[in-house]
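File shown: coords.cif. Contents: mmCIF, C-alpha atoms.
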```
data_protein
#
loop_
_atom_site.group_PDB
_atom_site.id
_atom_site.type_symbol
_atom_site.label_atom_id
_atom_site.label_comp_id
_atom_site.auth_asym_id
_atom_site.auth_seq_id
_atom_site.Cartn_x
_atom_site.Cartn_y
_atom_site.Cartn_z
ATOM 1 C CA MET F 356 93.383 119.139 79.198
ATOM 2 C CA ARG F 357 92.411 115.508 78.656
ATOM 3 C CA LEU F 358 95.570 114.417 80.439
ATOM 4 C CA VAL F 359 94.642 116.616 83.417
ATOM 5 C CA ALA F 360 91.194 114.990 83.655
ATOM 6 C CA ILE F 361 92.708 111.505 83.369
ATOM 7 C CA GLY F 362 95.244 112.316 86.087
ATOM 8 C CA LEU F 363 92.650 113.682 88.486
ATOM 9 C CA ALA F 364 90.342 110.675 88.056
ATOM 10 C CA ALA F 365 93.265 108.253 88.448
ATOM 11 C CA GLY F 366 94.391 109.994 91.635
ATOM 12 C CA VAL F 367 90.995 109.840 93.339
ATOM 13 C CA PHE F 368 90.553 106.158 92.462
ATOM 14 C CA SER F 369 94.066 105.331 93.544
ATOM 15 C CA ALA F 370 93.750 106.739 97.060
ATOM 16 C CA LEU F 371 90.142 105.645 97.502
ATOM 17 C CA PHE F 372 90.821 102.008 96.642
ATOM 18 C CA GLY F 373 94.548 101.487 97.181
ATOM 19 C CA VAL F 374 95.142 100.739 93.535
ATOM 20 C CA GLY F 375 97.512 102.453 91.149
ATOM 21 C CA GLY F 376 94.927 104.194 89.053
ATOM 22 C CA GLY F 377 96.035 102.309 85.964
ATOM 23 C CA ILE F 378 92.577 100.760 85.816
ATOM 24 C CA ILE F 379 91.259 104.211 84.995
ATOM 25 C CA ALA F 380 94.275 105.572 83.145
ATOM 26 C CA VAL F 381 94.806 102.771 80.601
ATOM 27 C CA PRO F 382 91.341 102.836 78.969
ATOM 28 C CA LEU F 383 91.298 106.646 79.005
ATOM 29 C CA LEU F 384 94.743 106.869 77.404
ATOM 30 C CA ILE F 385 93.530 104.489 74.702
ATOM 31 C CA LEU F 386 90.132 106.096 74.127
ATOM 32 C CA ALA F 387 90.770 109.796 74.761
ATOM 33 C CA LEU F 388 94.292 110.028 73.409
ATOM 34 C CA GLY F 389 94.275 107.202 70.902
ATOM 35 C CA LEU F 390 97.499 105.695 72.212
ATOM 36 C CA PRO F 391 98.244 102.116 71.109
ATOM 37 C CA THR F 392 97.472 99.648 73.915
ATOM 38 C CA ARG F 393 101.050 98.742 74.681
ATOM 39 C CA VAL F 394 102.112 102.392 74.832
ATOM 40 C CA ALA F 395 99.099 103.173 77.046
ATOM 41 C CA THR F 396 99.963 100.400 79.503
ATOM 42 C CA ALA F 397 103.605 101.517 79.626
ATOM 43 C CA THR F 398 102.689 105.173 80.128
ATOM 44 C CA SER F 399 100.185 104.179 82.801
ATOM 45 C CA LEU F 400 102.933 102.379 84.750
ATOM 46 C CA GLY F 401 105.021 105.555 84.699
ATOM 47 C CA ALA F 402 102.132 107.702 85.909
ATOM 48 C CA ILE F 403 101.188 105.211 88.643
ATOM 49 C CA GLY F 404 104.673 105.537 90.128
ATOM 50 C CA ILE F 405 103.992 109.185 90.958
ATOM 51 C CA THR F 406 100.373 108.541 92.037
ATOM 52 C CA ALA F 407 101.275 105.686 94.389
ATOM 53 C CA LEU F 408 104.150 107.695 95.859
ATOM 54 C CA ALA F 409 101.717 110.484 96.769
ATOM 55 C CA GLY F 410 99.334 107.908 98.254
ATOM 56 C CA VAL F 411 102.120 106.364 100.326
ATOM 57 C CA VAL F 412 103.014 109.790 101.752
ATOM 58 C CA VAL F 413 99.377 110.610 102.601
ATOM 59 C CA PHE F 414 98.591 107.227 104.208
ATOM 60 C CA SER F 415 101.895 106.873 106.061
ATOM 61 C CA LEU F 416 101.111 110.177 107.775
ATOM 62 C CA ARG F 417 97.893 108.507 108.944
ATOM 63 C CA GLY F 418 99.796 105.404 110.082
ATOM 64 C CA GLU F 419 97.878 102.966 107.903
ATOM 65 C CA ILE F 420 100.807 101.330 106.095
ATOM 66 C CA ASP F 421 102.371 98.008 107.103
ATOM 67 C CA ALA F 422 105.801 98.038 105.453
ATOM 68 C CA GLY F 423 106.506 94.357 106.177
ATOM 69 C CA TYR F 424 103.405 93.183 104.352
ATOM 70 C CA ALA F 425 104.075 95.646 101.533
ATOM 71 C CA ALA F 426 107.524 94.091 101.023
ATOM 72 C CA LEU F 427 106.083 90.573 101.242
ATOM 73 C CA VAL F 428 103.823 91.075 98.219
ATOM 74 C CA GLY F 429 105.619 94.020 96.560
ATOM 75 C CA LEU F 430 109.058 92.467 96.127
ATOM 76 C CA PRO F 431 107.907 89.308 94.317
ATOM 77 C CA ALA F 432 105.565 91.559 92.319
ATOM 78 C CA THR F 433 108.550 93.628 91.207
ATOM 79 C CA ALA F 434 110.116 90.530 89.661
ATOM 80 C CA GLY F 435 106.689 89.702 88.238
ATOM 81 C CA ALA F 436 106.363 93.121 86.604
ATOM 82 C CA LEU F 437 109.673 92.641 84.777
ATOM 83 C CA LEU F 438 108.426 89.279 83.551
ATOM 84 C CA GLY F 439 104.972 90.625 82.646
ATOM 85 C CA THR F 440 106.229 93.604 80.655
ATOM 86 C CA SER F 441 108.658 91.363 78.738
ATOM 87 C CA LEU F 442 105.948 88.799 78.045
ATOM 88 C CA GLN F 443 103.638 91.562 76.837
ATOM 89 C CA GLN F 444 106.006 92.291 73.928
ATOM 90 C CA ARG F 445 105.704 88.716 72.687
ATOM 91 C CA ILE F 446 102.232 87.372 73.287
ATOM 92 C CA ASP F 447 98.617 88.244 72.564
ATOM 93 C CA THR F 448 97.157 89.156 75.928
ATOM 94 C CA ARG F 449 93.527 88.880 74.830
ATOM 95 C CA MET F 450 92.817 85.422 76.257
ATOM 96 C CA LEU F 451 94.711 86.377 79.401
ATOM 97 C CA ALA F 452 92.472 89.428 79.751
ATOM 98 C CA TYR F 453 89.394 87.186 79.845
ATOM 99 C CA GLY F 454 91.054 85.013 82.474
ATOM 100 C CA PHE F 455 92.052 88.047 84.537
ATOM 101 C CA SER F 456 88.458 89.371 84.308
ATOM 102 C CA LEU F 457 87.065 86.088 85.562
ATOM 103 C CA LEU F 458 89.550 86.087 88.448
ATOM 104 C CA LEU F 459 88.501 89.624 89.442
ATOM 105 C CA VAL F 460 84.813 88.646 89.436
ATOM 106 C CA VAL F 461 85.564 85.702 91.730
ATOM 107 C CA VAL F 462 87.686 87.838 94.077
ATOM 108 C CA GLY F 463 85.027 90.572 94.103
ATOM 109 C CA ALA F 464 82.324 88.049 94.987
ATOM 110 C CA TRP F 465 84.513 86.672 97.787
ATOM 111 C CA LEU F 466 85.023 90.175 99.212
ATOM 112 C CA LEU F 467 81.267 90.797 99.115
ATOM 113 C CA VAL F 468 80.401 87.674 101.094
ATOM 114 C CA SER F 469 83.365 87.650 103.500
ATOM 115 C CA MET K 69 103.350 84.440 110.119
ATOM 116 C CA THR K 70 103.520 80.805 109.068
ATOM 117 C CA THR K 71 105.618 79.420 106.211
ATOM 118 C CA TRP K 72 102.376 78.758 104.337
ATOM 119 C CA THR K 73 101.370 82.423 104.681
ATOM 120 C CA ILE K 74 104.710 83.544 103.296
ATOM 121 C CA VAL K 75 104.526 81.150 100.336
ATOM 122 C CA PHE K 76 100.932 82.291 99.654
ATOM 123 C CA ALA K 77 102.009 85.952 99.682
ATOM 124 C CA LEU K 78 105.072 85.346 97.500
ATOM 125 C CA VAL K 79 103.193 83.372 94.851
ATOM 126 C CA LEU K 80 100.284 85.803 94.688
ATOM 127 C CA GLY K 81 102.649 88.794 94.776
ATOM 128 C CA LEU K 82 104.564 87.391 91.805
ATOM 129 C CA SER K 83 101.317 86.731 89.917
ATOM 130 C CA ALA K 84 100.032 90.231 90.667
ATOM 131 C CA GLY K 85 103.274 91.646 89.295
ATOM 132 C CA VAL K 86 103.025 89.661 86.060
ATOM 133 C CA LEU K 87 99.435 90.846 85.555
ATOM 134 C CA ALA K 88 100.478 94.414 86.402
ATOM 135 C CA GLY K 89 103.126 94.291 83.704
ATOM 136 C CA LEU K 90 100.815 92.683 81.154
ATOM 137 C CA PHE K 91 97.909 95.069 81.657
ATOM 138 C CA GLY K 92 99.593 98.308 82.764
ATOM 139 C CA VAL K 93 98.011 98.439 86.196
ATOM 140 C CA GLY K 94 99.764 98.686 89.533
ATOM 141 C CA GLY K 95 98.713 95.326 90.871
ATOM 142 C CA GLY K 96 96.582 96.888 93.606
ATOM 143 C CA VAL K 97 93.425 95.088 92.462
ATOM 144 C CA LEU K 98 95.142 91.881 93.582
ATOM 145 C CA PHE K 99 97.358 93.196 96.405
ATOM 146 C CA VAL K 100 94.346 94.477 98.351
ATOM 147 C CA PRO K 101 92.406 91.156 98.422
ATOM 148 C CA VAL K 102 95.633 89.246 99.213
ATOM 149 C CA LEU K 103 96.391 91.588 102.122
ATOM 150 C CA VAL K 104 92.797 91.281 103.354
ATOM 151 C CA ALA K 105 93.153 87.490 103.190
ATOM 152 C CA LEU K 106 96.332 87.826 105.266
ATOM 153 C CA GLY K 107 94.297 89.566 107.951
ATOM 154 C CA LEU K 108 94.714 93.290 107.329
ATOM 155 C CA GLY K 109 91.715 95.633 107.605
ATOM 156 C CA GLN K 110 90.347 97.056 104.350
ATOM 157 C CA LEU K 111 91.840 100.548 104.780
ATOM 158 C CA GLU K 112 95.180 99.215 106.039
ATOM 159 C CA ALA K 113 95.288 96.749 103.120
ATOM 160 C CA GLN K 114 94.622 99.562 100.631
ATOM 161 C CA ALA K 115 97.292 101.840 102.116
ATOM 162 C CA THR K 116 99.831 98.985 102.240
ATOM 163 C CA SER K 117 98.973 98.082 98.645
ATOM 164 C CA LEU K 118 100.093 101.554 97.535
ATOM 165 C CA LEU K 119 103.566 100.944 98.975
ATOM 166 C CA ALA K 120 103.759 97.512 97.297
ATOM 167 C CA ILE K 121 102.791 99.139 93.995
ATOM 168 C CA LEU K 122 105.816 101.469 94.018
ATOM 169 C CA PRO K 123 108.644 99.000 93.237
ATOM 170 C CA THR K 124 106.280 97.027 90.957
ATOM 171 C CA VAL K 125 105.511 99.918 88.622
ATOM 172 C CA ALA K 126 109.065 101.282 88.827
ATOM 173 C CA ALA K 127 110.345 97.961 87.449
ATOM 174 C CA GLY K 128 107.532 97.766 84.889
ATOM 175 C CA ALA K 129 108.012 101.335 83.655
ATOM 176 C CA TRP K 130 111.786 100.880 83.452
ATOM 177 C CA ASN K 131 111.387 97.740 81.363
ATOM 178 C CA GLN K 132 108.780 99.345 79.082
ATOM 179 C CA ARG K 133 111.124 102.295 78.567
ATOM 180 C CA ARG K 134 113.755 99.885 77.262
ATOM 181 C CA TYR K 135 111.180 98.656 74.735
ATOM 182 C CA GLY K 136 110.435 102.266 73.753
ATOM 183 C CA ASN K 137 106.788 102.140 74.848
ATOM 184 C CA LEU K 138 106.867 104.649 77.700
ATOM 185 C CA ARG K 139 105.833 108.203 76.783
ATOM 186 C CA ILE K 140 107.380 110.404 79.415
ATOM 187 C CA ARG K 141 105.348 113.585 78.961
ATOM 188 C CA PRO K 142 101.805 112.163 79.305
ATOM 189 C CA ALA K 143 103.040 109.909 82.129
ATOM 190 C CA LEU K 144 104.393 112.936 83.990
ATOM 191 C CA ILE K 145 101.268 115.051 83.442
ATOM 192 C CA VAL K 146 98.849 112.281 84.470
ATOM 193 C CA GLY K 147 101.053 111.343 87.435
ATOM 194 C CA LEU K 148 101.549 114.871 88.754
ATOM 195 C CA VAL K 149 97.892 115.882 88.375
ATOM 196 C CA SER K 150 96.839 112.664 90.108
ATOM 197 C CA VAL K 151 98.520 113.908 93.297
ATOM 198 C CA ALA K 152 95.653 116.401 93.713
ATOM 199 C CA GLY K 153 93.142 113.573 93.301
ATOM 200 C CA VAL K 154 94.989 111.422 95.841
ATOM 201 C CA GLU K 155 94.220 113.829 98.669
ATOM 202 C CA ILE K 156 90.510 113.796 97.757
ATOM 203 C CA GLY K 157 90.445 109.987 97.507
ATOM 204 C CA ALA K 158 92.263 109.580 100.820
ATOM 205 C CA GLN K 159 89.787 111.878 102.576
ATOM 206 C CA ILE K 160 86.861 109.822 101.271
ATOM 207 C CA ALA K 161 88.530 106.475 102.052
ATOM 208 C CA THR K 162 89.296 107.363 105.669
ATOM 209 C CA SER K 163 85.819 108.759 106.282
ATOM 210 C CA LEU K 164 83.980 105.652 105.011
ATOM 211 C CA ASP K 165 82.994 102.636 107.091
ATOM 212 C CA GLU K 166 85.391 99.736 106.310
ATOM 213 C CA THR K 167 82.611 97.322 105.376
ATOM 214 C CA LEU K 168 81.200 99.830 102.922
ATOM 215 C CA LEU K 169 84.707 100.464 101.566
ATOM 216 C CA ARG K 170 85.161 96.717 101.032
ATOM 217 C CA ARG K 171 81.855 96.473 99.168
ATOM 218 C CA LEU K 172 82.784 99.424 96.978
ATOM 219 C CA PHE K 173 86.125 97.764 96.272
ATOM 220 C CA ALA K 174 84.314 94.569 95.228
ATOM 221 C CA ILE K 175 82.155 96.604 92.847
ATOM 222 C CA LEU K 176 85.300 98.246 91.480
ATOM 223 C CA LEU K 177 86.658 94.763 90.716
ATOM 224 C CA PHE K 178 83.503 93.915 88.742
ATOM 225 C CA ALA K 179 83.854 97.166 86.790
ATOM 226 C CA VAL K 180 87.519 96.443 86.068
ATOM 227 C CA ALA K 181 86.661 92.907 84.979
ATOM 228 C CA ALA K 182 84.016 94.227 82.582
ATOM 229 C CA GLN K 183 86.409 96.830 81.247
ATOM 230 C CA LEU K 184 89.236 94.353 80.640
ATOM 231 C CA ALA K 185 86.897 91.933 78.905
ATOM 232 C CA TRP K 186 85.495 94.731 76.768
ATOM 233 C CA ARG K 187 88.985 95.902 75.825
ATOM 234 C CA ALA K 188 89.911 92.369 74.770
ATOM 235 C CA TYR K 189 86.612 91.767 72.974
ATOM 236 C CA ARG K 190 86.832 95.010 71.072
ATOM 237 C CA GLY K 191 90.027 93.526 69.658
ATOM 238 C CA ARG K 192 91.545 96.831 68.624
ATOM 239 C CA PRO K 193 95.000 96.291 67.109
ATOM 240 C CA ARG K 194 96.679 95.650 70.416
ATOM 241 C CA TYR K 195 100.087 95.037 68.976
ATOM 242 C CA PRO K 196 100.781 97.408 66.130
ATOM 243 C CA GLU K 197 104.055 96.747 64.361
ATOM 244 C CA SER K 198 106.888 98.465 66.135
ATOM 245 C CA PRO K 199 108.538 101.094 63.967
#
```

As structure tokens, how would this structure be written, given the file I've shared?
Amino acid sequence: MRLVAIGLAAGVFSALFGVGGGIIAVPLLILALGLPTRVATATSLGAIGITALAGVVVFSLRGEIDAGYAALVGLPATAGALLGTSLQQRIDTRMLAYGFSLLLVVVGAWLLVS
Amino acid sequence: MTTWTIVFALVLGLSAGVLAGLFGVGGGVLFVPVLVALGLGQLEAQATSLLAILPTVAAGAWNQRRYGNLRIRPALIVGLVSVAGVEIGAQIATSLDETLLRRLFAILLFAVAAQLAWRAYRGRPRYPESP
């Protein structure tokens, strides 16, 4: 039942904001299911694959997807994801999380004023 | 598209992928602003981000499976149920004004930032010994 609620929330967020839904799924998998962080992030990646696929189908029907741009950022990101998941096994990501948070605040502020 | 644009996209795409792998997200929180910076509209950037997410999380999930961290059953349940939510989210996204959508996205980024910082601060045993 908890998994169903997590999935539904992740799906709405994913399509509304063009994100994977991992933002919602990871903390819920940790808090509601008690999964260890690394397992939660891994499981989130698996779930996002299905979520994003559904989003791609829905938005391509509406003609909103630019495949060229998707490849331009998505292909280097694919290499990055391999690197990131390998790194995650070896390092403490806590300081990185603070850095990532700061980056998101800056980007959010930029989007608000632009 | 200039060479500079391509380099910008490649570098930021790679960085987004690394962060996606580290934090278990799809990378969309960074893809969307990058695509907006490249000149796409908010809705188009969000839709395009979803396509970019696909190979990113496929690679990430595959690698995590090799490390034995991926739990297939919860991933499948969350993923399949999310499909119902996707239709709802897409309806809302396409009905909203793009400026409003961009502001909401900015607020989402603040919420994500707070959540990540909280998760790190809480310092739960992030790396339990592997069995």

message: Using all atoms listed in the file - which residues lie no farther than 7 Å from the point (95.1, 100.0, 99.9) in the file's frame? Write them as an NGL selection string.
response: (:F and (372-374)) or (:K and (100 or 111-118))

Residue nearest Ala88 of chain K among F:Val412, F:Gly429, F:Arg417, F:Ile361 (counting all atoms listed in the file):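 Under the stated criterion, the closest residue is F:Gly429.
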
message: Need the shell around Arg393 of chain F: protein/DNA/RNA residues with any atom at most 12 Å away, counting all atoms listed in the file. Skip same-chain ones fewer than 5 positions apart. Format as number ranges by chain?
response: F: 381-382, 384-385, 398-400, 440-448; K: 89-93, 129, 132-133, 135-139, 192-198

Please return as a PDB file with C-alpha atoms, in the coordinates of the input every residue within 9 Å of (101.7, 107.1, 90.7), taking into account all atoms listed in the file and the file's own coordinates.
```pdb
ATOM      1  CA  ALA F 365      93.265 108.253  88.448  1.00  0.00           C
ATOM      2  CA  GLY F 366      94.391 109.994  91.635  1.00  0.00           C
ATOM      3  CA  SER F 369      94.066 105.331  93.544  1.00  0.00           C
ATOM      4  CA  GLY F 375      97.512 102.453  91.149  1.00  0.00           C
ATOM      5  CA  GLY F 376      94.927 104.194  89.053  1.00  0.00           C
ATOM      6  CA  GLY F 377      96.035 102.309  85.964  1.00  0.00           C
ATOM      7  CA  SER F 399     100.185 104.179  82.801  1.00  0.00           C
ATOM      8  CA  LEU F 400     102.933 102.379  84.750  1.00  0.00           C
ATOM      9  CA  GLY F 401     105.021 105.555  84.699  1.00  0.00           C
ATOM     10  CA  ALA F 402     102.132 107.702  85.909  1.00  0.00           C
ATOM     11  CA  ILE F 403     101.188 105.211  88.643  1.00  0.00           C
ATOM     12  CA  GLY F 404     104.673 105.537  90.128  1.00  0.00           C
ATOM     13  CA  ILE F 405     103.992 109.185  90.958  1.00  0.00           C
ATOM     14  CA  THR F 406     100.373 108.541  92.037  1.00  0.00           C
ATOM     15  CA  ALA F 407     101.275 105.686  94.389  1.00  0.00           C
ATOM     16  CA  LEU F 408     104.150 107.695  95.859  1.00  0.00           C
ATOM     17  CA  ALA F 409     101.717 110.484  96.769  1.00  0.00           C
ATOM     18  CA  GLY F 410      99.334 107.908  98.254  1.00  0.00           C
TER      19      GLY F 410
ATOM     20  CA  GLY K  94      99.764  98.686  89.533  1.00  0.00           C
ATOM     21  CA  LEU K 118     100.093 101.554  97.535  1.00  0.00           C
ATOM     22  CA  ILE K 121     102.791  99.139  93.995  1.00  0.00           C
ATOM     23  CA  LEU K 122     105.816 101.469  94.018  1.00  0.00           C
ATOM     24  CA  VAL K 125     105.511  99.918  88.622  1.00  0.00           C
ATOM     25  CA  VAL K 146      98.849 112.281  84.470  1.00  0.00           C
ATOM     26  CA  GLY K 147     101.053 111.343  87.435  1.00  0.00           C
ATOM     27  CA  LEU K 148     101.549 114.871  88.754  1.00  0.00           C
ATOM     28  CA  SER K 150      96.839 112.664  90.108  1.00  0.00           C
ATOM     29  CA  VAL K 151      98.520 113.908  93.297  1.00  0.00           C
TER      30      VAL K 151
END
```

- prompt: Looking at F:Ala370, F:Ala387, F:Ile379, F:Met356, which one is nearest to chain K, with distances taken over all atoms listed in the file?
  reply: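 Of F:Ala370, F:Ala387, F:Ile379, F:Met356, the one nearest chain K is F:Ala370, counting all atoms listed in the file.
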
Write out as a PDB file with C-alpha atoms, in the frame of the given file each polymer residue whose atoms come within 8 Å of Phe455 of chain F, counting all atoms listed in the file; drop sequence neighbours fewer than 3 positions from it.
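Result file is part_5.pdb:
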```pdb
ATOM      1  CA  LEU F 451      94.711  86.377  79.401  1.00  0.00           C
ATOM      2  CA  ALA F 452      92.472  89.428  79.751  1.00  0.00           C
ATOM      3  CA  LEU F 458      89.550  86.087  88.448  1.00  0.00           C
ATOM      4  CA  LEU F 459      88.501  89.624  89.442  1.00  0.00           C
TER       5      LEU F 459
ATOM      6  CA  LEU K  87      99.435  90.846  85.555  1.00  0.00           C
ATOM      7  CA  ALA K 181      86.661  92.907  84.979  1.00  0.00           C
ATOM      8  CA  LEU K 184      89.236  94.353  80.640  1.00  0.00           C
TER       9      LEU K 184
END
```

Straight-line distance linking atom CA of Val462 of chain F with atom CA of Leu82 of chain K, stated in Å to one decimal: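 One can read the atom CA of Val462 of chain F to atom CA of Leu82 of chain K distance as 17.0 Å.
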
- request: Counting only C-alpha atoms, figure out which residue out of F:Leu388, F:Ser456, F:Val461, F:Gly423 gets nearest to chain K.
  value: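 Under the stated criterion, the closest residue is F:Ser456.
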
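You can rank F:Tyr424, F:Gly362, F:Leu416, F:Val411 by their closest distance to Leu108 of chain K using all atoms listed in the file, and at the top of that list sits F:Tyr424.
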
- prompt: In terms of the shortest atom-to-atom distance over only C-alpha atoms, which of K:Val79, K:Ile140, K:Leu172, K:Ala182 is closest to Leu466 of chain F?
  reply: K:Leu172
